[in-house]
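Remarks on the structure that follows.
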Amino acid sequence: MKKPSLLLTNLSEKQTLSTWLIYHLGIVLFFLAVLLFSKNQIKIDSDLFNLIPKSFEMDSVRKADEKMTSVTGQNVFILVANPDFNKAKNIAVNIYEKLLPSENFLSLSLYNDMGSLEGVTDFLYKYRWNLLSEETINQINSDEGAQAFAMNALSQAYGGFTLLPLDNLGTDPFMLTEYNLTNYLAAVQSSGTAMTLTDGVLASQKDGVWYIMIRGVLSQKGGKLASKSNGISEIYETCNNFADADTHFVYSGTPYHSHQSSNAASKEISWITTISLIAVIVILLLVFKNPKPLIYSVASILVSVTVALLATLATFKNMHIITLVFGTSLIGSCIDYSLHYFTHWAGNNELKSGLEIRNHLLPGLTMAIISSAICFAILLFAPFTLLKQMSLFCLVGLISSYLTTIAIFPRISLPKGERELKHVKIYQKLVDTIQSRFVGRIVIVSMFLFSVISIFICRKNVHVKNNLLSLYKMEGKLLSDEIEASKIIQYSPSGWYLISGQTEEECLKNEEAFRKSFEEATEGKLGYISTSLFIPSIERQKKSRLACQKLMEIADYQLDALGYGPEDLEILKADFESSENDFISLEAGNVPEFLSSSISSAWLGMVGGKYYTVLLPHNVNNYEKFKTLADASDNVFFISKSADISRDLDKLTLMVLKFFAVAYVFIFIMLKFFYNWKQAIKIISVPFLIVLVIVAIFAICKINLEFFSVTGLILVFGLGLDYIIYMMENEKEVQGPGKILEPFATMLSFITTIISFGALALSSFQPVHLIGLAIVIGLATAYISSFFYGRRQK
């Protein structure tokens, strides 16, 4: 069986150039075709929370959860704070009027939805027979219960303490409209924030300062936080125009944090790219002292990154900005092939042409690209879009760099005269000093012992565990704003219940049954919002009418006590009978706008073939207790984003580790085709040592093995194998310039790669930091291992 590298050696320069052109032009044409014919807009996503994986729940539940998250995740709150209520309100009104016409918001509210009682009371009067609570229904159905309810209505009517005028008393002698309005307002108050209706706006006073709340929902346009014109930027700009010495603004909501993180990520792209590029340029100039290696290497990087970007955008349509941040690491890894080529180009007098250099390097380069490609290709099967994007980006970029090295670089004319790299002599002295069989064995064994002993001593710190909250840390003004807002609004729903049903009616019935369990479990002390608080199931409405039937049996006494005659009794009976089949239903479309708005965050409607509604508690103070409540019913699902996503990340982390095991076995089998047992075992032992060292250092530093660090582990697997493969190929080299030039080139490639990933490890953004840290540790381990595995023994 011939090696792939030997087959490629037989390719002519024309054939390799054709391969390079077909590959790169094919990607460009693919991108242009998608750009022209795809219905979906190609864009770069910057939303912090799109970093997280999709839920592992069943499809319909996941879709319902995504719909709920899309609603709540675009909510923004602005608190206008000033000691003077009127001034705070005036500023809030001005901001509201400035933002209201903007296309960046789906909705914007300053005034209370229930502030105008006219539409509310008309609705409650029309359906007054249908809206009694279960507690009231049971009371009326009890002995003397109807009489007690009637007497209470009489007391209210004669007492004068009512919310509504008594104009309809003849057709509503039991004051059901007043009763239902009281229940509605209580439900609104208990399901909402601590803000109260003051002079038409939602306001709260604390420590002598008035806070007026403006609530908005970002539109699709306003939610594009990577663009220059977005909802958050407009809020900041508008509010700054009204700021003064006595007024400050408090911002709360997920989009503010996404905006901050996307801006931070953009800045990090700039400085990571700049630092890496400057470092690479300096190294190339110092080593080669010739502009050609620098120009061609940088050009190779730019081509690799460009085609990787185009391929990823064309494939996924929507690429996360973190993929681009990670892709900048190609500055280090893509240049590996260039460095190997130009080291011989500048310093190996025995190779007389570019084609000879290519053929000399081809076995090592080909094995390196195959091992890296296997690792990245395996990750394409991971059920996580971001990981697939990173893998495809790196895979396409590395192949591009490889093809450039074997197809384009051989066409570059060699330097005239004697070719020599002065730094090679310094490296030669280092190798002669420390690289021996004895020293190598000590170093390799010491690394294994250090790892195993450290893991044993710190075994309590070895955890495959994710914590979503640790991936993003609030700081600065946004942190202080969230703390202040939580004290004022007193509303922090960190979890919710999804309740399903095959029909709208079944869904509402299931929610009513669950509401009873929830209220019992929380002893009625925790406020919440839900659809059935405002729109009962038809079954509950029928029960309400049956209870009202008992009231109608004593209607003549009630009307008489209120001063009405027999003709009024006939009108009342006719009204009750005519509304017998008149029920409130979302599907029927007889729910008024003010009510639809009030329950917009609770009623999801049909999603994935089932109906879903949401019970949203004020806060989640006991995750396990809340989850246990949901587990008791097949139709109820408790969603706590932080806990659930952390759990899903744990599953995904274990899945990635399984991918690592598959790649490990697969590459070992491949190595066995090209190397003997001893060589194959030596090569495959390096990834095992990488794992041990990373786990040991993470355990010592008390860092959990999280999803992103494990992702870094499997990525460094492919990159780290390159060093040991180059070393193994170099063992075949007879004494001559190539014997030391290959290890020297490997050292240069390690330095450039570690610079790139080292920059990632310095990132303040935790996912990028964890990937970078794992790769830095892994690559350092891989290089040190390959160096001391070397056979320059005396």
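Please note that chains go A, B, ... in the order of the structure tokens, that every chain numbers its residues from 1, and that ligands are numbered from 1 in the order shown.
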
Using backbone DSSP assignments, extract all helix (DSSP H, G or I) residues from stretch 68-145 of chain A; output them as an NGL selection string. :A and (68-72 or 85-99 or 117-126 or 128-130 or 134-141 or 145)

I'd like the neighbourhood of stretch 655-663 of chain A as an MDAnalysis selection string, where a residue qualifies if any of its atoms comes within 12 Å (using only C-alpha atoms), though same-chain residues fewer than 2 positions away should be ignored. chainID A and resid 370:384 387:388 464 648:653 665:671 684 687:688 691 705:718 721

List the neighbours of A:Glu512 out to 8 Å using only C-alpha atoms; skip same-chain residues closer than 6 positions along the sequence, and give me the result as an MDAnalysis selection string. chainID A and resid 532 536:537

DSSP-assigned strand (DSSP E or B) members of stretch 454-580 of chain A, reported as a list in words: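 Filtering stretch 454-580 of chain A down to strand (DSSP E or B) leaves Trp496, Tyr497, Leu498, Ile499, Ser500, Gly501, Tyr528 and Ile529 of chain A.
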
Can you tell me, as a short mmCIF file (atom, residue, chain, number, x, y, z; two decimals) with C-alpha atoms, in the first residue's frame, what residues are no more than 7 Å from A:Tyr723 when counting only C-alpha atoms, ignoring any on the same chain fewer than 6 positions away?
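Result saved to out36.cif:
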data_model
loop_
_atom_site.label_atom_id
_atom_site.label_comp_id
_atom_site.auth_asym_id
_atom_site.auth_seq_id
_atom_site.Cartn_x
_atom_site.Cartn_y
_atom_site.Cartn_z
CA THR A 746 9.12 22.41 14.20
CA ALA A 782 3.19 17.90 22.66
CA TYR A 783 6.27 19.86 21.64
CA SER A 786 8.41 15.32 20.62
#

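The spacing separating atom CA of A:Cys458 from atom CA of A:Ala759 amounts to 27.9 Å.
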
Would you pick out the contacts of A:Pro566 at 12 Å or less, using only C-alpha atoms, so that residues sharing its chain but fewer than 5 positions from it are not included, and give the list as a PDB file with C-alpha atoms, in the first residue's frame?
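So the final result, stored in part_23.pdb, reads:
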ATOM      1  CA  GLY A 170     -79.748  45.709  37.499  1.00  0.00           C
ATOM      2  CA  ALA A 555     -81.729  36.591  42.012  1.00  0.00           C
ATOM      3  CA  ASP A 556     -85.278  37.765  42.779  1.00  0.00           C
ATOM      4  CA  TYR A 557     -84.365  38.358  46.435  1.00  0.00           C
ATOM      5  CA  GLN A 558     -81.137  40.102  45.435  1.00  0.00           C
ATOM      6  CA  LEU A 559     -82.862  42.453  42.976  1.00  0.00           C
ATOM      7  CA  ASP A 560     -85.600  43.199  45.430  1.00  0.00           C
ATOM      8  CA  ILE A 571     -84.050  40.870  31.734  1.00  0.00           C
ATOM      9  CA  LEU A 572     -81.380  39.307  33.968  1.00  0.00           C
ATOM     10  CA  LYS A 573     -82.580  35.762  33.219  1.00  0.00           C
TER      11      LYS A 573
END

Distance query A:Asn104 at most 6 Å, only C-alpha atoms, self and fewer than 2 positions along chain excluded, as an mmCIF file with N, CA and C atoms, in the first residue's frame:
data_model
loop_
_atom_site.group_PDB
_atom_site.id
_atom_site.type_symbol
_atom_site.label_atom_id
_atom_site.label_comp_id
_atom_site.auth_asym_id
_atom_site.auth_seq_id
_atom_site.Cartn_x
_atom_site.Cartn_y
_atom_site.Cartn_z
ATOM 1 N N SER A 102 -38.980 54.058 16.527
ATOM 2 C CA SER A 102 -37.806 53.326 16.048
ATOM 3 C C SER A 102 -38.164 51.925 15.561
ATOM 4 N N LEU A 218 -36.908 44.139 21.794
ATOM 5 C CA LEU A 218 -36.133 44.432 20.590
ATOM 6 C C LEU A 218 -36.698 43.700 19.377
ATOM 7 N N SER A 219 -36.686 44.377 18.251
ATOM 8 C CA SER A 219 -37.067 43.745 16.986
ATOM 9 C C SER A 219 -35.882 42.954 16.447
ATOM 10 N N LYS A 221 -34.221 43.614 13.798
ATOM 11 C CA LYS A 221 -33.222 44.615 13.406
ATOM 12 C C LYS A 221 -32.504 45.159 14.638
ATOM 13 N N GLY A 222 -33.267 45.483 15.678
ATOM 14 C CA GLY A 222 -32.677 46.049 16.890
ATOM 15 C C GLY A 222 -31.841 45.057 17.659
ATOM 16 N N GLY A 231 -30.749 48.307 18.842
ATOM 17 C CA GLY A 231 -31.604 48.840 19.889
ATOM 18 C C GLY A 231 -30.853 49.318 21.120
#

A:Lys610 surroundings by only C-alpha atoms, 9 Å radius, close-in-sequence under 4 positions cut, as a ChimeraX atom specification: /A:60,500-504,507,605-606
